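> The following file, run-v8.txt, comprises compact mmCIF, C-alpha atoms:
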# COMPACT_ATOMS: atom_id res chain seq x y z
CA MET V 1 -182.96 -31.15 191.25
CA GLN V 2 -182.90 -32.11 194.89
CA SER V 3 -186.17 -31.29 196.71
CA ARG V 4 -184.97 -31.74 200.33
CA CYS V 5 -181.86 -30.82 202.23
CA ARG V 6 -179.67 -33.72 203.15
CA GLU V 7 -178.69 -32.04 206.43
CA CYS V 8 -181.95 -30.81 207.92
CA SER V 9 -184.50 -32.49 205.65
CA SER V 10 -186.04 -29.14 204.89
CA SER V 11 -187.90 -28.67 201.63
CA ASN V 12 -187.06 -24.98 201.47
CA VAL V 13 -184.42 -25.33 198.71
CA VAL V 14 -183.85 -22.42 196.32
CA ARG V 15 -181.63 -21.73 193.28
CA ASP V 16 -179.00 -19.10 193.90
CA ASP V 17 -177.50 -17.40 190.78
CA LEU V 18 -174.90 -15.43 192.70
CA TYR V 19 -171.57 -14.79 190.90
CA LEU V 20 -172.97 -16.27 187.70
CA GLU V 21 -172.70 -19.78 189.11
CA THR V 22 -175.92 -21.67 189.63
CA GLN V 23 -176.15 -23.20 193.13
CA LEU V 24 -178.85 -25.01 195.11
CA VAL V 25 -178.93 -23.71 198.71
CA CYS V 26 -181.09 -24.64 201.71
CA GLU V 27 -182.52 -21.45 203.17
CA ASP V 28 -183.04 -22.97 206.59
CA CYS V 29 -179.50 -24.23 207.32
CA GLY V 30 -177.48 -22.65 204.46
CA THR V 31 -176.11 -25.93 203.12
CA VAL V 32 -174.98 -25.84 199.48
CA LEU V 33 -176.59 -28.87 197.94
CA GLU V 34 -175.32 -28.57 194.34
CA GLU V 35 -172.73 -26.35 192.70
CA GLY V 36 -172.38 -25.27 189.11
CA GLN V 37 -169.53 -26.15 186.69
CA LEU V 38 -166.23 -24.46 187.42
CA THR V 39 -165.23 -24.54 183.72
CA THR V 40 -166.55 -22.60 180.80
CA THR V 41 -168.74 -24.08 178.13
CA LEU V 42 -168.00 -24.51 174.42
CA SER V 43 -171.19 -22.68 173.47
CA GLU V 44 -173.52 -22.01 176.40
CA GLU V 45 -176.34 -20.74 174.22
CA ALA V 46 -176.32 -23.59 171.71
CA LYS V 47 -174.91 -26.74 173.32
CA SER V 48 -174.69 -26.11 177.08
CA ARG V 49 -172.29 -28.93 177.76
CA PRO V 50 -169.23 -28.72 180.04
CA VAL V 51 -165.75 -28.44 178.51
CA PRO V 52 -162.54 -29.40 180.32
CA TYR V 53 -160.11 -26.65 181.12
CA TYR V 54 -157.35 -27.82 178.77
CA GLN V 55 -159.80 -27.77 175.85
CA SER V 56 -161.09 -24.33 176.65
CA THR V 57 -157.60 -22.82 176.70
CA GLN V 58 -155.72 -24.67 173.93
CA ALA V 59 -155.03 -22.98 170.60
CA SER V 60 -155.95 -24.84 167.43
CA LYS V 61 -152.80 -25.66 165.45
CA THR V 62 -153.00 -25.22 161.70
CA PRO V 63 -150.38 -26.53 159.24
CA CYS V 64 -147.83 -24.00 158.11
CA ARG V 65 -148.00 -22.39 154.70
CA ASN V 66 -145.08 -24.36 153.26
CA LEU V 67 -146.61 -27.65 154.39
CA LEU V 68 -149.90 -26.80 152.69
CA ALA V 69 -148.04 -25.82 149.53
CA GLY V 70 -146.16 -29.13 149.72
CA PHE V 71 -149.45 -31.03 149.98
CA SER V 72 -150.79 -29.39 146.85
CA ARG V 73 -147.52 -29.97 145.00
CA VAL V 74 -147.41 -33.63 145.97
CA ARG V 75 -151.03 -34.19 144.97
CA ALA V 76 -150.40 -32.51 141.61
CA LEU V 77 -147.44 -34.82 140.93
CA CYS V 78 -149.52 -37.85 141.90
CA ARG V 79 -152.20 -36.84 139.40
CA ILE V 80 -149.59 -36.31 136.67
CA LEU V 81 -148.26 -39.83 137.30
CA ARG V 82 -151.85 -41.13 137.53
CA LEU V 83 -151.45 -42.74 140.92
CA SER V 84 -154.47 -44.22 142.63
CA SER V 85 -156.26 -42.41 145.46
CA SER V 86 -154.89 -44.84 148.07
CA MET V 87 -151.33 -44.29 146.85
CA GLU V 88 -151.90 -40.53 146.87
CA SER V 89 -153.07 -40.63 150.50
CA GLU V 90 -150.01 -42.72 151.44
CA VAL V 91 -147.75 -40.18 149.78
CA VAL V 92 -149.42 -37.29 151.65
CA ASN V 93 -149.15 -39.06 155.02
CA LEU V 94 -145.51 -39.97 154.40
CA PHE V 95 -144.70 -36.41 153.34
CA GLU V 96 -146.32 -35.02 156.51
CA ARG V 97 -144.29 -37.42 158.67
CA ALA V 98 -141.06 -36.55 156.91
CA TYR V 99 -141.78 -32.79 156.90
CA ASN V 100 -142.25 -32.71 160.68
CA HIS V 101 -139.17 -34.83 161.34
CA PRO V 102 -136.30 -32.93 163.01
CA ASN V 103 -133.93 -33.80 160.17
CA PHE V 104 -136.13 -32.00 157.61
CA LEU V 105 -137.94 -29.44 159.76
CA HIS V 106 -135.31 -26.73 159.23
CA ALA V 107 -134.21 -27.79 155.74
CA THR V 108 -134.27 -25.47 152.74
CA LEU V 109 -137.33 -25.10 150.53
CA MET V 110 -135.57 -26.89 147.67
CA THR V 111 -134.83 -29.86 149.93
CA LYS V 112 -138.44 -29.98 151.08
CA GLU V 113 -139.64 -29.91 147.47
CA ILE V 114 -137.30 -32.79 146.64
CA LEU V 115 -138.60 -34.54 149.76
CA GLY V 116 -142.09 -34.63 148.24
CA GLY V 117 -140.71 -36.31 145.12
CA CYS V 118 -138.82 -38.83 147.27
CA CYS V 119 -142.05 -39.73 149.08
CA ILE V 120 -143.72 -40.36 145.72
CA LEU V 121 -140.79 -42.51 144.61
CA PHE V 122 -140.90 -44.55 147.81
CA VAL V 123 -144.63 -45.26 147.56
CA CYS V 124 -144.29 -46.14 143.85
CA ARG V 125 -141.55 -48.63 144.64
CA GLN V 126 -143.58 -50.15 147.45
CA CYS V 127 -146.54 -50.62 145.09
CA ASN V 128 -144.32 -51.83 142.22
CA TRP V 129 -145.28 -48.80 140.14
CA PRO V 130 -142.88 -48.29 137.19
CA VAL V 131 -141.57 -44.80 137.93
CA ALA V 132 -137.86 -43.94 137.85
CA MET V 133 -136.01 -41.35 139.88
CA GLY V 134 -135.08 -39.50 136.70
CA THR V 135 -138.75 -39.06 135.79
CA ILE V 136 -139.65 -37.51 139.15
CA SER V 137 -136.56 -35.29 139.16
CA TYR V 138 -137.53 -34.04 135.70
CA LEU V 139 -141.05 -33.20 136.92
CA LEU V 140 -139.55 -31.33 139.87
CA GLY V 141 -137.07 -29.50 137.66
CA MET V 142 -134.16 -30.87 139.68
CA GLU V 143 -131.11 -32.92 138.82
CA SER V 144 -131.00 -36.59 139.83
CA PRO V 145 -127.79 -36.21 141.93
CA TYR V 146 -129.67 -33.85 144.28
CA MET V 147 -132.50 -36.33 144.78
CA GLY V 148 -130.43 -39.37 145.76
CA PRO V 149 -129.06 -38.06 149.10
CA VAL V 150 -132.49 -36.77 150.16
CA TYR V 151 -134.04 -40.17 149.41
CA GLN V 152 -131.40 -41.94 151.49
CA GLU V 153 -131.90 -39.50 154.35
CA LEU V 154 -135.67 -40.09 154.17
CA THR V 155 -135.36 -43.86 154.52
CA LYS V 156 -132.80 -43.49 157.28
CA SER V 157 -134.71 -40.87 159.30
CA LEU V 158 -138.09 -42.62 159.19
CA ASN V 159 -136.50 -46.08 159.44
CA ILE V 160 -138.41 -47.41 156.45
CA LYS V 161 -137.28 -50.19 154.18
CA THR V 162 -137.49 -49.62 150.47
CA THR V 163 -137.70 -52.11 147.66
CA THR V 164 -135.51 -51.86 144.58
CA GLN V 165 -136.85 -51.97 141.05
CA SER V 166 -135.13 -53.80 138.24
CA ILE V 167 -134.73 -52.30 134.81
CA THR V 168 -137.28 -54.74 133.39
CA ASP V 169 -139.98 -53.28 135.65
CA LEU V 170 -139.57 -49.92 133.90
CA LEU V 171 -139.25 -51.35 130.40
CA GLU V 172 -142.89 -51.68 129.34
CA SER V 173 -144.08 -48.29 130.55
CA PHE V 174 -140.98 -46.67 129.05
CA CYS V 175 -141.57 -48.16 125.60
CA TYR V 176 -145.21 -47.10 125.57
CA GLU V 177 -144.17 -43.46 125.94
CA PHE V 178 -142.82 -43.38 122.37
CA LYS V 179 -145.21 -42.20 119.67
CA LEU V 180 -144.35 -44.84 117.05
CA ARG V 181 -147.76 -46.33 116.31
CA PRO V 182 -148.85 -46.64 112.67
CA GLU V 183 -151.39 -43.84 113.02
CA GLU V 184 -148.76 -41.47 114.45
CA VAL V 185 -145.76 -41.81 112.08
CA ASP V 186 -145.02 -43.13 108.60
CA GLU V 187 -145.45 -46.83 107.95
CA VAL V 188 -141.73 -47.52 107.45
CA LEU V 189 -140.95 -45.83 110.77
CA SER V 190 -143.88 -47.14 112.78
CA GLU V 191 -143.67 -49.98 115.26
CA THR V 192 -146.19 -51.44 117.68
CA PRO V 193 -145.32 -50.94 121.35
CA GLN V 194 -145.42 -54.66 122.09
CA GLN V 195 -142.86 -55.50 119.39
CA LEU V 196 -140.65 -52.72 120.71
CA VAL V 197 -140.99 -54.09 124.25
CA ASP V 198 -140.09 -57.64 123.18
CA ARG V 199 -137.00 -56.60 121.19
CA THR V 200 -135.80 -54.16 123.86
CA SER V 201 -136.27 -56.80 126.56
CA ALA V 202 -134.05 -59.21 124.63
CA LEU V 203 -131.36 -56.55 124.24
CA ILE V 204 -131.52 -55.71 127.96
CA GLU V 205 -131.03 -59.41 128.73
CA VAL V 206 -127.88 -59.49 126.60
CA ALA V 207 -126.67 -56.27 128.26
CA ALA V 208 -127.24 -57.78 131.70
CA GLU V 209 -125.26 -60.92 130.83
CA THR V 210 -122.33 -58.78 129.67
CA TRP V 211 -122.25 -56.49 132.74
CA ILE V 212 -123.52 -53.34 130.99
CA VAL V 213 -126.48 -52.99 133.35
CA THR V 214 -124.37 -53.30 136.50
CA GLY V 215 -124.23 -50.06 138.48
CA ARG V 216 -125.83 -47.98 135.74
CA HIS V 217 -128.82 -45.65 135.72
CA PRO V 218 -131.74 -47.36 133.95
CA LEU V 219 -133.05 -44.53 131.77
CA PRO V 220 -129.95 -43.96 129.57
CA LEU V 221 -129.54 -47.70 129.02
CA LEU V 222 -133.23 -48.11 128.21
CA MET V 223 -133.00 -45.25 125.75
CA ALA V 224 -130.02 -46.82 123.98
CA ALA V 225 -131.68 -50.26 123.89
CA VAL V 226 -134.92 -48.87 122.45
CA TYR V 227 -133.00 -47.07 119.71
CA VAL V 228 -131.08 -50.21 118.71
CA ALA V 229 -134.28 -52.29 118.89
CA TRP V 230 -136.12 -49.83 116.66
CA GLN V 231 -133.30 -49.88 114.12
CA SER V 232 -133.02 -53.69 114.13
CA LEU V 233 -136.72 -54.21 113.35
CA ASN V 234 -136.24 -52.61 109.91
CA PRO V 235 -132.52 -51.96 109.50
CA LYS V 236 -132.45 -51.23 105.76
CA VAL V 237 -134.60 -48.14 106.16
CA ARG V 238 -133.85 -47.01 109.71
CA MET V 239 -130.05 -47.26 109.93
CA LYS V 240 -129.68 -43.83 108.35
CA TYR V 241 -131.57 -42.15 111.20
CA THR V 242 -129.41 -40.82 113.99
CA PHE V 243 -130.25 -40.99 117.65
CA SER V 244 -131.48 -37.39 117.74
CA ALA V 245 -133.67 -37.99 114.70
CA PHE V 246 -135.17 -41.08 116.34
CA CYS V 247 -136.01 -39.11 119.49
CA GLN V 248 -137.73 -36.44 117.44
CA ILE V 249 -139.65 -38.98 115.36
CA GLY V 250 -140.85 -40.92 118.40
CA LYS V 251 -141.37 -37.78 120.51
CA ALA V 252 -139.31 -39.32 123.29
CA PRO V 253 -139.64 -37.80 126.77
CA GLU V 254 -137.04 -35.11 127.27
CA GLN V 255 -135.92 -36.42 130.65
CA ALA V 256 -134.86 -39.66 128.93
CA TRP V 257 -132.41 -38.22 126.43
CA ARG V 258 -132.03 -34.44 126.22
CA ARG V 259 -130.50 -33.91 129.66
CA SER V 260 -128.36 -37.07 129.57
CA LYS V 261 -127.53 -37.31 125.89
CA ASP V 262 -123.83 -37.92 126.49
CA THR V 263 -124.58 -40.76 128.89
CA VAL V 264 -127.03 -42.32 126.44
CA THR V 265 -124.38 -42.17 123.72
CA LYS V 266 -121.90 -43.97 125.99
CA ARG V 267 -124.43 -46.74 126.72
CA LEU V 268 -125.20 -46.95 123.00
CA THR V 269 -121.50 -47.40 122.19
CA GLU V 270 -121.11 -50.10 124.84
CA LEU V 271 -124.18 -51.99 123.63
CA ARG V 272 -123.01 -51.89 120.03
CA GLU V 273 -119.54 -53.10 121.02
CA VAL V 274 -121.05 -56.12 122.79
CA LEU V 275 -123.22 -56.87 119.76
CA CYS V 276 -120.13 -56.64 117.55
CA LYS V 277 -118.25 -59.11 119.75
CA LEU V 278 -121.12 -61.57 119.54
CA GLY V 279 -121.76 -60.89 115.85
CA ARG V 280 -118.18 -61.81 114.91
CA GLN V 281 -118.85 -65.29 116.26
CA LEU V 282 -121.61 -65.99 113.73
CA PRO V 283 -120.22 -68.84 111.59
CA TRP V 284 -121.87 -67.78 108.33
CA LEU V 285 -120.14 -64.40 108.27
CA ARG V 286 -116.80 -66.08 107.38
CA GLY V 287 -114.66 -63.23 108.67
CA ASN V 288 -116.69 -60.37 107.23
CA THR V 289 -116.44 -57.00 108.91
CA VAL V 290 -118.90 -56.29 111.74
CA GLU V 291 -119.10 -52.56 112.30
CA PRO V 292 -120.91 -50.82 115.20
CA ASN V 293 -122.96 -48.63 112.88
CA THR V 294 -124.19 -51.62 110.81
CA VAL V 295 -124.55 -54.25 113.52
CA ALA V 296 -128.32 -53.62 113.57
CA THR V 297 -128.66 -55.92 110.57
CA LEU V 298 -127.36 -58.84 112.66
CA VAL V 299 -129.41 -58.23 115.81
CA ASP V 300 -132.02 -60.85 114.86
CA ASP V 301 -129.40 -63.59 114.52
CA ILE V 302 -127.49 -62.44 117.60
CA LEU V 303 -130.54 -62.43 119.87
CA GLU V 304 -131.71 -65.79 118.59
CA ASN V 305 -128.35 -67.43 119.37
CA HIS V 306 -126.91 -65.08 121.96
CA ARG V 307 -126.20 -67.75 124.60
CA VAL V 308 -124.23 -69.90 122.17
CA LEU V 309 -122.41 -66.88 120.77
CA LEU V 310 -121.57 -65.70 124.27
CA LEU V 311 -120.04 -69.04 125.24
CA ARG V 312 -118.16 -69.23 121.97
CA ALA V 313 -116.74 -65.71 122.32
CA VAL V 314 -115.52 -66.40 125.86
CA ARG V 315 -114.02 -69.77 124.87
CA ASN V 316 -112.20 -68.31 121.85
CA TYR V 317 -110.85 -65.48 124.00
CA GLU V 318 -109.52 -67.94 126.58
CA GLU V 319 -107.89 -70.00 123.83
CA GLN V 320 -106.28 -66.85 122.46
CA LEU V 321 -104.88 -66.02 125.91
CA GLN V 322 -103.44 -69.52 126.25
CA ASN V 323 -101.77 -69.25 122.84
CA GLU V 324 -100.31 -65.88 123.76
CA ASP V 325 -99.01 -67.28 127.05
CA LEU V 326 -97.31 -70.16 125.24
CA LYS V 327 -95.84 -67.78 122.70
CA THR V 328 -94.61 -65.54 125.51
CA GLU V 329 -92.92 -68.44 127.28
CA SER V 330 -91.18 -69.53 124.08
CA THR V 331 -90.05 -66.09 122.91
CA GLY V 332 -89.71 -64.33 126.26
CA VAL V 333 -91.50 -61.23 124.94
CA VAL V 334 -94.24 -59.98 127.21
CA THR V 335 -97.39 -58.97 125.32
CA SER V 336 -100.63 -57.67 126.69
CA PRO V 337 -103.50 -60.03 125.91
CA GLY V 338 -105.95 -58.82 123.33
CA THR V 339 -104.20 -55.52 122.61
CA THR V 340 -104.01 -56.12 118.87
CA HIS V 341 -107.75 -56.32 118.38
CA ASP V 342 -108.83 -52.71 118.64
CA GLY V 343 -110.14 -53.08 122.18
CA CYS V 344 -112.49 -55.94 121.29
CA ASN V 345 -110.23 -58.78 122.45
CA GLU V 346 -111.37 -61.19 119.75
CA PRO V 347 -109.51 -64.19 118.30
CA SER V 348 -107.38 -63.46 115.31
CA GLU V 349 -109.06 -66.09 113.16
CA ASN V 350 -112.46 -64.38 113.31
CA HIS V 351 -111.31 -60.80 113.72
CA THR V 352 -111.18 -57.96 111.29
CA ASP V 353 -110.32 -54.48 112.46
CA PRO V 354 -113.54 -52.45 112.44
CA PRO V 355 -113.33 -48.89 111.22
CA LYS V 356 -114.23 -45.97 113.39
CA VAL V 357 -117.87 -45.22 114.04
CA THR V 358 -119.18 -42.83 111.43
CA ASP V 359 -122.54 -42.14 113.01
CA PRO V 360 -123.10 -38.42 112.44
CA ASP V 361 -124.96 -38.05 115.70
CA GLN V 362 -122.11 -39.54 117.67
CA VAL V 363 -119.56 -37.40 115.85
CA GLU V 364 -121.44 -34.20 116.66
CA ASN V 365 -122.07 -35.15 120.28
CA SER V 366 -119.14 -37.32 121.16
CA PRO V 367 -119.07 -37.97 124.93
CA ASP V 368 -116.06 -37.95 127.09
CA LYS V 369 -114.36 -41.32 126.85
CA GLU V 370 -114.61 -43.43 129.98
CA THR V 371 -110.95 -44.17 130.35
CA SER V 372 -109.28 -45.29 133.50
CA ASP V 373 -106.97 -42.98 135.36
CA THR V 374 -104.49 -45.79 135.89
CA GLU V 375 -103.43 -48.58 133.61
CA GLN V 376 -104.11 -52.07 134.84
CA PRO V 377 -101.01 -54.09 135.65
CA PRO V 378 -100.09 -56.84 133.17
CA ASN V 379 -101.10 -59.58 135.59
CA HIS V 380 -104.46 -58.03 136.54
CA TRP V 381 -107.28 -60.56 136.65
CA GLY V 382 -109.48 -58.30 134.53
CA LYS V 383 -107.32 -58.97 131.49
CA ARG V 384 -108.28 -62.64 131.64
CA HIS V 385 -111.99 -61.99 130.93
CA LEU V 386 -113.75 -60.75 127.82
CA PHE V 387 -116.70 -59.04 129.53
CA LEU V 388 -116.06 -57.04 132.68
CA PRO V 389 -118.09 -54.92 135.10
CA PRO V 390 -117.68 -51.16 134.71
CA CYS V 391 -115.87 -50.85 138.03
CA VAL V 392 -113.13 -53.15 136.70
CA LYS V 393 -113.06 -51.96 133.12
CA ASN V 394 -112.95 -48.28 134.07
CA CYS V 395 -111.18 -48.42 137.40
CA LYS V 396 -110.41 -45.13 139.07
CA ARG V 397 -107.22 -44.09 140.75
CA GLN V 398 -107.22 -44.77 144.45
CA ARG V 399 -106.78 -41.73 146.63
CA VAL V 400 -103.44 -41.70 148.40
CA ASP V 401 -103.28 -39.57 151.50
CA GLU V 402 -100.14 -37.48 151.65
CA PRO V 403 -98.06 -38.22 154.73
CA GLN V 404 -98.35 -35.46 157.27
CA MET V 405 -95.16 -33.87 158.51
CA ASP V 406 -94.58 -34.39 162.20
CA VAL V 407 -93.51 -30.86 163.11
CA THR V 408 -93.83 -29.85 166.76
CA GLY V 409 -91.52 -26.83 166.86
CA ASP V 410 -89.11 -28.47 169.28
CA GLU V 411 -86.84 -29.90 166.58
CA ASP V 412 -83.12 -29.11 166.66
CA ILE V 413 -81.92 -26.56 164.11
CA SER V 414 -78.62 -27.28 162.47
CA ASP V 415 -75.81 -24.72 162.41
CA SER V 416 -75.84 -24.54 158.63
CA GLU V 417 -79.54 -23.57 158.64
CA ILE V 418 -78.89 -20.89 161.25
CA GLU V 419 -76.01 -19.50 159.19
CA SER V 420 -78.27 -19.32 156.13
CA TYR V 421 -80.52 -16.87 158.01
CA ILE V 422 -77.60 -14.53 158.94
CA ARG V 423 -76.74 -11.86 156.38
CA SER V 424 -73.24 -11.69 155.07
CA GLN V 425 -71.22 -8.45 155.05
CA ALA V 426 -71.86 -7.97 151.32
CA GLU V 427 -75.63 -8.31 151.84
CA ILE V 428 -75.51 -5.81 154.69
CA ASP V 429 -73.64 -3.25 152.54
CA MET V 430 -76.09 -3.76 149.67
CA TYR V 431 -79.07 -3.31 152.00
CA LEU V 432 -77.65 -0.07 153.48
CA ARG V 433 -76.87 1.29 150.03
CA ALA V 434 -80.40 0.60 148.81
CA GLN V 435 -81.87 2.19 151.93
CA ASN V 436 -79.84 5.35 151.46
CA GLU V 437 -80.88 5.67 147.83
CA LEU V 438 -84.54 5.33 148.81
CA GLU V 439 -84.16 8.06 151.44
CA GLU V 440 -82.46 10.41 148.99
CA ALA V 441 -85.13 9.85 146.39
Rewrite the coordinates I just gave you, this time as structure tokens.

Amino acid sequence: MQSRCRECSSSNVVRDDLYLETQLVCEDCGTVLEEGQLTTTLSEEAKSRPVPYYQSTQASKTPCRNLLAGFSRVRALCRILRLSSSMESEVVNLFERAYNHPNFLHATLMTKEILGGCCILFVCRQCNWPVAMGTISYLLGMESPYMGPVYQELTKSLNIKTTTQSITDLLESFCYEFKLRPEEVDEVLSETPQQLVDRTSALIEVAAETWIVTGRHPLPLLMAAVYVAWQSLNPKVRMKYTFSAFCQIGKAPEQAWRRSKDTVTKRLTELREVLCKLGRQLPWLRGNTVEPNTVATLVDDILENHRVLLLRAVRNYEEQLQNEDLKTESTGVVTSPGTTHDGCNEPSENHTDPPKVTDPDQVENSPDKETSDTEQPPNHWGKRHLFLPPCVKNCKRQRVDEPQMDVTGDEDISDSEIESYIRSQAEIDMYLRAQNELEEA
């Protein structure tokens, strides 16, 4: 506190509490030496420190109720998936950013709930955590087709780059979900998780080399590969068990097979067809029948020599096409390559027509056949290859836009069209007669 006035050097300085503002005033000359704070205080009784005006007037913003519910839902999903605390905090921060983004701020509650699952999926992919989109959609109670567009919108809105996961990254964690340990099921049905992982990994490698993995969802293919691997490890006992029975024995997760059972059956049929094509190239079979429902007995030999069998199957198919081309040139009869081999396109010397699949599970739940809407032309390049990608094997009909009629209303009308609008005398008489009868009635 100043003891003298800076104007008159008087020591008669007093404290003036007028208008609730403390001031130091010189009584001799009236000079105001020191003024009080013009702002309020945060707590004058307790802290007595000045607060700026914008802090004294602002309202504290609290998160909305839906955002708080989303935080709790996201944290619950992270604990179910056993994510680490750092990953959980990343998910919460990403969800808060996405929730407050203009593209999602006025979205529906279902979209915002899916948004939380998409944030979990993004963080899991960034940390190389083996979690599939189908697993998260099952936990949310949503279908996978609804989750894909929201995930794409999330990466586009926040301008974040995501990493893709291969099917092998999900393989080990997927196989460990089955309850097939010796202490959980009978000895003839039990299998250690590591043996199941090794056999399934080999089958996935064969599927990848024959284009089955291309453009397909991982969970149905993994489910089909695990089933074939489990059967092939003890085929004499396990071939009688259907796919549904295997899922019940191993207590498979429902999101892996119950909701997409038809898709799993399609992948199972494709995998067995590829194994049949490779199994017919085994030299010690000597032309014996290789059926899809019994090919599990040959899986050991096929996986051990699958590269040689693959090259041999392709080479024999090319030789068959050359022989058919020469025969066509000599006879002049056009034949479609490989159409006499029940869709397997195998050489005639090693081919025997396999009977239809008699798997009871496939008969009860037969999926819709993936047939193409249009037949491939005879000279299509896809007919020259034994193994094809799904987009070539099951090509869809291209949409053809109907030509729009250029009608402006200023076109000339022919005389014959004008005459067709004019009633003849017979039509006029008939109309008058009908009108009179209606009036009389």
> Within 7 Å of segment 274-278 of chain V, counting all atoms listed in the file, which residues qualify if same-chain residues fewer than 2 places away don't, as number ranges by chain?
V: 270-272, 280-281, 290-292, 295, 302, 309-310, 313, 344
> Mind pulling up the distance from atom CA of Ser85 of chain V to atom CA of His106 of chain V?
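Interatomic distance, atom CA of His106 of chain V to atom CA of Ser85 of chain V: 29.6 Å.
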> Taking into account all atoms listed in the file, which residue in the set V:His101, V:Arg79, V:Lys240, V:Arg216 is nearest to Thr155 of chain V?
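Closest to Thr155 of chain V of all the choices is V:His101.
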> Name all residues at most 12 Å from Leu83 of chain V (count only C-alpha atoms; drop same-chain ones fewer than 3 positions away) and give them as JSON, numbers by chain.
{"V": [74, 75, 76, 77, 78, 79, 80, 86, 87, 88, 89, 90, 91, 120, 121, 123, 124, 127, 128, 129, 130, 131]}
> How many Å separate atom CA of Lys383 of chain V from atom CA of Glu318 of chain V?
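Computing it gives 10.5 Å between the two atoms.
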> If you count all atoms listed in the file, which residues fall within 12 Å of Asp198 of chain V, apart from same-chain ones fewer than 5 positions away, as an NGL selection string?
:V and (168 or 171-172 or 175-176 or 191-193 or 203-205 or 225-226 or 229-230 or 233 or 303)
> For a cut-off of 10 Å around (-136.6, -43.8, 141.4), file coordinates, pick out all residues using only C-alpha atoms and list them as a list in words.
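Residues with an atom at most 10 Å from (-136.6, -43.8, 141.4): Gly117, Cys118, Ile120, Leu121, Phe122, Cys124, Arg125, Pro130, Val131, Ala132, Met133, Gly134, Thr135, Ile136, Ser137, Ser144, Met147, Gly148, Tyr151, Thr164, Gln165, His217 and Pro218 of chain V.
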> Residues near Gly116 of chain V, anyone? I mean within 9 Å using all atoms listed in the file, not counting same-chain ones fewer than 3 positions away, as JSON, numbers by chain.
{"V": [70, 71, 73, 74, 91, 92, 94, 95, 98, 99, 111, 112, 113, 119, 120, 121]}
> Record the distance separating atom CA of Trp211 of chain V and atom CA of Val308 of chain V, expressed in Å with one decimal.
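Distance reported for this atom pair: 17.2 Å.
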